[in-house]
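Visitor: Dropping the structure in here first, questions after.
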Amino acid sequence: MANWDELAEALGDYTITCNTNERLRKMQRDWSRVLHFVCEDNGVVFTMEVDRGEILATPEGHEGTPDIVVTTHSETFCDMFWGDLNPVQKYLRGEIKVQGSQEDVMRLDAISYVIWPDS
Amino acid sequence: MAGAEPAPPAARVLRRSVGTATATATSAGLAFAAIDYLGVVSVLAYAPGATAAVAILIGGLIVLLVAGIFSELNGLYPTAAGIRLYLGRAVGLRTSLSVTFTYMVTVVLVIAADAFLIGAAVRHVLHEPAVLAYVWIAVLLGVALAANLSGVRIAGWMQTVVTYTVLTGTVVLSVIALFHVGGTFHQPLNLFGRGGFSGIQAIAFALFLYAAFEWVTTTAEEARTPRVITRALFIAPVLIWVTSTLFALALAHLVPYPSLHGSAYPQLLLGQAALGTVGEVWMLGLTVLTALNTFNGGFLVASRFIYAAAREGNLPRQFAWLNLRAVPWLAVTTLAGVAAVVAAVVFATGQWLLLVAVGAALEAGIYAIAALCLFVLRRRETRERPFTLIAGRPLAAFGVVLFTVLFLATGFSDPKNARHFSVAPIGVIVVLAALSTGYVLLVVPRLRAAAAERSAAARPRRRPARPGAGTPGNDTPPVDAPPVEAPPVESPGTAPQPDRGT
């Protein structure tokens, strides 16, 4: 079970990797969303605010009204943000649950795919 | 034991979510394509005159059972990947993959059929030579391809308007045809007894009129509450029932069956018979509008499925390549290409009714498998669900038998002669299923092995080791990551930037 500190470290790395990837920024230039994340094992929740493809903040707790809600195990979140697992495989096994439009769900995976094409 | 799984998380309020009206429009819009006008003619072939209405009513009642089955399955797995999940848990991963691949073929067939039918209809109204129909087909598919590649999406409200316009427009013209033209409908019983009624095939083809209404379950993740999808699954068939019944009665009333039988655009013949050129153009407009839903929904569902399958390692990874609009461009282009080839084959052979028969049989087969899934999962998944079908197990068992019979009835029907049997539809399905199964058994394992090798060779784990832990920062290493030594932490922002897909 990963605690908030570990998640925050993973999120920090993920944010820098995403924001410095030019191709990703181009691809997501029309994508502004509020994402809520829920760790179903330890109850930790956090928010990700994306503005035109740039991740602005990833604070603990839920802020604003979400466009997407992602729920899974805290370890899965950590591995996902470090790029150590393929989110699609977990999603297709029902281990990652998402609420949101299909397009947004795909965009979310596309981020991982673009920054870690071999994950 | 799956029954020990936690219940799905409670629905949260999303900034944009889908309500009952939009979900119902999505369901009805996906079901009511241009090919449905031909589907009504296929019903009339086995249920002449007003008996077609009886067949469509029975088909509608059976579809309510399908709605119940999908409502419960969707409640258990409220996700776009639902079909993979409940198939996988009920019948195994390989079978689920092969069934899903075959299912996606239905989407391609519907896209190809609609492209052909709309092309033929436009050519007919513009009085152009027959050969120009394929030019229109190519233009339609080209426009759909370009729109998809550009990331253009039909907004939910527009999809709703289009669907209700198509349904209302068809109903209004049918009512005009029935009550204001000719006048023989004042003796409706005269419409009965215009030929032999062949129950099983008539009902099987009637079922096809509702086909694909269950695809609305792929929008479960954006529904305001799980009950939204359930409501849509029960309301949409009623809308299709009303529309198809009135259209079938109007056709039986105004257009002689022999002229319908050889036509790819029965709706235009009805429009012409009811209101002359105005009616013909009216129905042409509605036919073109159906394309918006079919192409938008069909391309979207199928291309995203292909993308996910490629990301999962079940299709060549090139199918996951994204363009700068985050569209899986190779998947979309391949879909359009295959649809163009199928439409060309239909155009060259004139076998459009075969497409209806194959589609009807495939859909009945899918319903039989869905009923089987519910039957199995009733025992394996004991957790609470938002919708529970009353007498679920007996009804699911009944569904397996019923839909298998309907699958065989359409699979062996002769699309061109209702009095004969043919192995053509079942032959096409057997070939598709064999290709799909062969692919899953022979190619998928190699793709997965190659993906695992690539992943292991590409780079070690990035997640730093948790202090004092034996493995890098994890209680249980994920199965997707190779078990290697913890690497030095890579400096942020240096991950390789892929150069692909543009």
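Residues are referred to by chain and number: the chain letter is A, B, ... according to the order shown in the structure tokens, the number counts from 1 in that chain, and ligands are numbered separately from 1 in the order shown.
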If you run DSSP on this backbone, which residues of chain A come out as alpha helix (DSSP H), and could you give them as a PDB file with C-alpha atoms, in the first residue's frame?
Guide:
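Ended up saving to selection.pdb:
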```
ATOM      1  CA  TRP A   4       0.557  10.003   0.030  1.00  0.00           C
ATOM      2  CA  ASP A   5       4.305  10.798   0.125  1.00  0.00           C
ATOM      3  CA  GLU A   6       5.057   8.012  -2.331  1.00  0.00           C
ATOM      4  CA  LEU A   7       2.152   9.051  -4.523  1.00  0.00           C
ATOM      5  CA  ALA A   8       3.285  12.681  -4.424  1.00  0.00           C
ATOM      6  CA  GLU A   9       6.808  11.656  -5.506  1.00  0.00           C
ATOM      7  CA  ALA A  10       5.392   9.642  -8.382  1.00  0.00           C
ATOM      8  CA  LEU A  11       3.081  12.487  -9.360  1.00  0.00           C
ATOM      9  CA  GLY A  12       5.959  14.959  -9.287  1.00  0.00           C
ATOM     10  CA  ASP A  13       7.970  12.860 -11.703  1.00  0.00           C
ATOM     11  CA  TYR A  14       4.931  12.260 -13.895  1.00  0.00           C
ATOM     12  CA  THR A  15       4.139  15.976 -14.038  1.00  0.00           C
ATOM     13  CA  ILE A  16       7.652  16.927 -15.152  1.00  0.00           C
ATOM     14  CA  THR A  17       7.797  14.088 -17.693  1.00  0.00           C
ATOM     15  CA  CYS A  18       4.444  15.099 -19.192  1.00  0.00           C
ATOM     16  CA  ASN A  19       5.045  18.832 -19.192  1.00  0.00           C
ATOM     17  CA  GLU A  22       6.691  18.413 -26.624  1.00  0.00           C
ATOM     18  CA  ARG A  23       4.806  15.855 -28.642  1.00  0.00           C
ATOM     19  CA  LEU A  24       2.430  15.207 -25.776  1.00  0.00           C
ATOM     20  CA  ARG A  25       1.869  18.909 -25.214  1.00  0.00           C
ATOM     21  CA  LYS A  26       1.000  19.324 -28.894  1.00  0.00           C
ATOM     22  CA  MET A  27      -1.350  16.369 -28.811  1.00  0.00           C
ATOM     23  CA  SER A  74      -2.581   3.010  -4.432  1.00  0.00           C
ATOM     24  CA  GLU A  75       0.249   0.751  -5.633  1.00  0.00           C
ATOM     25  CA  THR A  76      -1.264   0.692  -9.099  1.00  0.00           C
ATOM     26  CA  PHE A  77      -1.371   4.494  -9.148  1.00  0.00           C
ATOM     27  CA  CYS A  78       2.288   4.652  -8.095  1.00  0.00           C
ATOM     28  CA  ASP A  79       3.396   2.185 -10.757  1.00  0.00           C
ATOM     29  CA  MET A  80       1.245   3.925 -13.338  1.00  0.00           C
ATOM     30  CA  PHE A  81       2.714   7.376 -12.629  1.00  0.00           C
ATOM     31  CA  TRP A  82       6.243   5.963 -12.674  1.00  0.00           C
ATOM     32  CA  PRO A  87      -2.769   1.114 -17.588  1.00  0.00           C
ATOM     33  CA  VAL A  88      -4.789  -0.410 -20.437  1.00  0.00           C
ATOM     34  CA  GLN A  89      -4.069  -3.932 -19.228  1.00  0.00           C
ATOM     35  CA  LYS A  90      -5.267  -3.064 -15.732  1.00  0.00           C
ATOM     36  CA  TYR A  91      -8.299  -1.252 -17.141  1.00  0.00           C
ATOM     37  CA  LEU A  92      -9.295  -4.178 -19.344  1.00  0.00           C
ATOM     38  CA  GLN A 102     -14.623   7.403 -23.585  1.00  0.00           C
ATOM     39  CA  GLU A 103     -12.609  10.083 -25.292  1.00  0.00           C
ATOM     40  CA  ASP A 104     -11.167  11.304 -21.985  1.00  0.00           C
ATOM     41  CA  VAL A 105     -10.394   7.757 -20.876  1.00  0.00           C
ATOM     42  CA  MET A 106      -8.450   7.229 -24.072  1.00  0.00           C
ATOM     43  CA  ARG A 107      -6.635  10.540 -23.733  1.00  0.00           C
ATOM     44  CA  LEU A 108      -5.587   9.545 -20.240  1.00  0.00           C
ATOM     45  CA  ASP A 109      -4.049   6.345 -21.520  1.00  0.00           C
ATOM     46  CA  ALA A 110      -2.551   8.162 -24.493  1.00  0.00           C
ATOM     47  CA  ILE A 111      -0.472  10.221 -22.049  1.00  0.00           C
ATOM     48  CA  SER A 112       1.194   7.088 -20.674  1.00  0.00           C
ATOM     49  CA  TYR A 113       1.605   5.675 -24.154  1.00  0.00           C
ATOM     50  CA  VAL A 114       3.310   8.789 -25.507  1.00  0.00           C
ATOM     51  CA  ILE A 115       5.692   9.299 -22.614  1.00  0.00           C
TER      52      ILE A 115
END
```
Visitor: As a ChimeraX atom specification, please: the residues near stretch 42-59 of chain A (cut-off 7 Å, only C-alpha atoms, same-chain neighbours under 3 positions excluded).
Guide: /A:4,15,19,25,28-39,62-63
Visitor: Could those residues be written to a file, using N, CA and C atoms, as a PDB file, in the first residue's frame?
Guide:
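As written to disk, out_18.pdb reads:
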```
ATOM      1  N   TRP A   4       0.632   8.776   0.814  1.00  0.00           N
ATOM      2  CA  TRP A   4       0.557  10.003   0.030  1.00  0.00           C
ATOM      3  C   TRP A   4       1.934  10.492  -0.397  1.00  0.00           C
ATOM      4  N   THR A  15       4.445  14.611 -13.591  1.00  0.00           N
ATOM      5  CA  THR A  15       4.139  15.976 -14.038  1.00  0.00           C
ATOM      6  C   THR A  15       5.270  16.536 -14.889  1.00  0.00           C
ATOM      7  N   ASN A  19       4.959  17.419 -18.795  1.00  0.00           N
ATOM      8  CA  ASN A  19       5.045  18.832 -19.192  1.00  0.00           C
ATOM      9  C   ASN A  19       6.250  19.139 -20.071  1.00  0.00           C
ATOM     10  N   ARG A  25       2.486  17.587 -25.403  1.00  0.00           N
ATOM     11  CA  ARG A  25       1.869  18.909 -25.214  1.00  0.00           C
ATOM     12  C   ARG A  25       1.112  19.340 -26.475  1.00  0.00           C
ATOM     13  N   GLN A  28      -2.122  17.225 -26.696  1.00  0.00           N
ATOM     14  CA  GLN A  28      -3.133  17.511 -25.672  1.00  0.00           C
ATOM     15  C   GLN A  28      -3.459  19.005 -25.585  1.00  0.00           C
ATOM     16  N   ARG A  29      -3.088  19.765 -26.614  1.00  0.00           N
ATOM     17  CA  ARG A  29      -3.222  21.218 -26.511  1.00  0.00           C
ATOM     18  C   ARG A  29      -4.676  21.682 -26.350  1.00  0.00           C
ATOM     19  N   ASP A  30      -5.634  20.812 -26.740  1.00  0.00           N
ATOM     20  CA  ASP A  30      -7.040  21.203 -26.593  1.00  0.00           C
ATOM     21  C   ASP A  30      -7.704  20.441 -25.430  1.00  0.00           C
ATOM     22  N   TRP A  31      -6.870  19.927 -24.532  1.00  0.00           N
ATOM     23  CA  TRP A  31      -7.418  19.069 -23.469  1.00  0.00           C
ATOM     24  C   TRP A  31      -7.220  19.744 -22.103  1.00  0.00           C
ATOM     25  N   SER A  32      -8.315  20.273 -21.565  1.00  0.00           N
ATOM     26  CA  SER A  32      -8.278  20.888 -20.228  1.00  0.00           C
ATOM     27  C   SER A  32      -9.299  20.160 -19.359  1.00  0.00           C
ATOM     28  N   ARG A  33      -8.821  19.516 -18.335  1.00  0.00           N
ATOM     29  CA  ARG A  33      -9.710  18.688 -17.530  1.00  0.00           C
ATOM     30  C   ARG A  33      -9.317  18.728 -16.050  1.00  0.00           C
ATOM     31  N   VAL A  34     -10.303  18.405 -15.209  1.00  0.00           N
ATOM     32  CA  VAL A  34     -10.022  18.176 -13.795  1.00  0.00           C
ATOM     33  C   VAL A  34     -10.202  16.680 -13.539  1.00  0.00           C
ATOM     34  N   LEU A  35      -9.158  16.054 -13.014  1.00  0.00           N
ATOM     35  CA  LEU A  35      -9.215  14.621 -12.761  1.00  0.00           C
ATOM     36  C   LEU A  35      -9.190  14.364 -11.257  1.00  0.00           C
ATOM     37  N   HIS A  36     -10.067  13.493 -10.811  1.00  0.00           N
ATOM     38  CA  HIS A  36     -10.038  13.060  -9.412  1.00  0.00           C
ATOM     39  C   HIS A  36      -9.540  11.616  -9.348  1.00  0.00           C
ATOM     40  N   PHE A  37      -8.692  11.350  -8.369  1.00  0.00           N
ATOM     41  CA  PHE A  37      -8.165   9.994  -8.192  1.00  0.00           C
ATOM     42  C   PHE A  37      -8.563   9.488  -6.810  1.00  0.00           C
ATOM     43  N   VAL A  38      -8.915   8.223  -6.742  1.00  0.00           N
ATOM     44  CA  VAL A  38      -9.342   7.626  -5.472  1.00  0.00           C
ATOM     45  C   VAL A  38      -8.568   6.328  -5.260  1.00  0.00           C
ATOM     46  N   CYS A  39      -7.821   6.254  -4.152  1.00  0.00           N
ATOM     47  CA  CYS A  39      -7.144   4.996  -3.808  1.00  0.00           C
ATOM     48  C   CYS A  39      -8.134   4.164  -2.998  1.00  0.00           C
ATOM     49  N   HIS A  62      -9.791  16.344  -2.953  1.00  0.00           N
ATOM     50  CA  HIS A  62     -10.535  16.600  -4.190  1.00  0.00           C
ATOM     51  C   HIS A  62     -10.893  18.067  -4.309  1.00  0.00           C
ATOM     52  N   GLU A  63     -10.518  18.658  -5.433  1.00  0.00           N
ATOM     53  CA  GLU A  63     -10.822  20.071  -5.675  1.00  0.00           C
ATOM     54  C   GLU A  63     -11.602  20.196  -6.969  1.00  0.00           C
TER      55      GLU A  63
END
```
Visitor: Which residues are near B:Tyr439? Cut-off 12 Å, only C-alpha atoms, ignore same chain within fewer than 6 positions. Put them as a PyMOL selection string.
Guide: chain B and resi 94-95+97-99+101-102+314-316+432-433+445-447
Visitor: Show which residues sit within 10 Å of B:Ser263, as a VMD selection string. Count only C-alpha atoms, and ignore same-chain residues fewer than 6 positions away.
Guide: chain B and resid 38 41 117 120 to 121 269 350 352 to 353
Visitor: Which is closer to B:Glu381 than all the others in B:Gly271, B:Gly59, B:Pro425, B:Gly75, using only C-alpha atoms?
Guide: B:Gly75
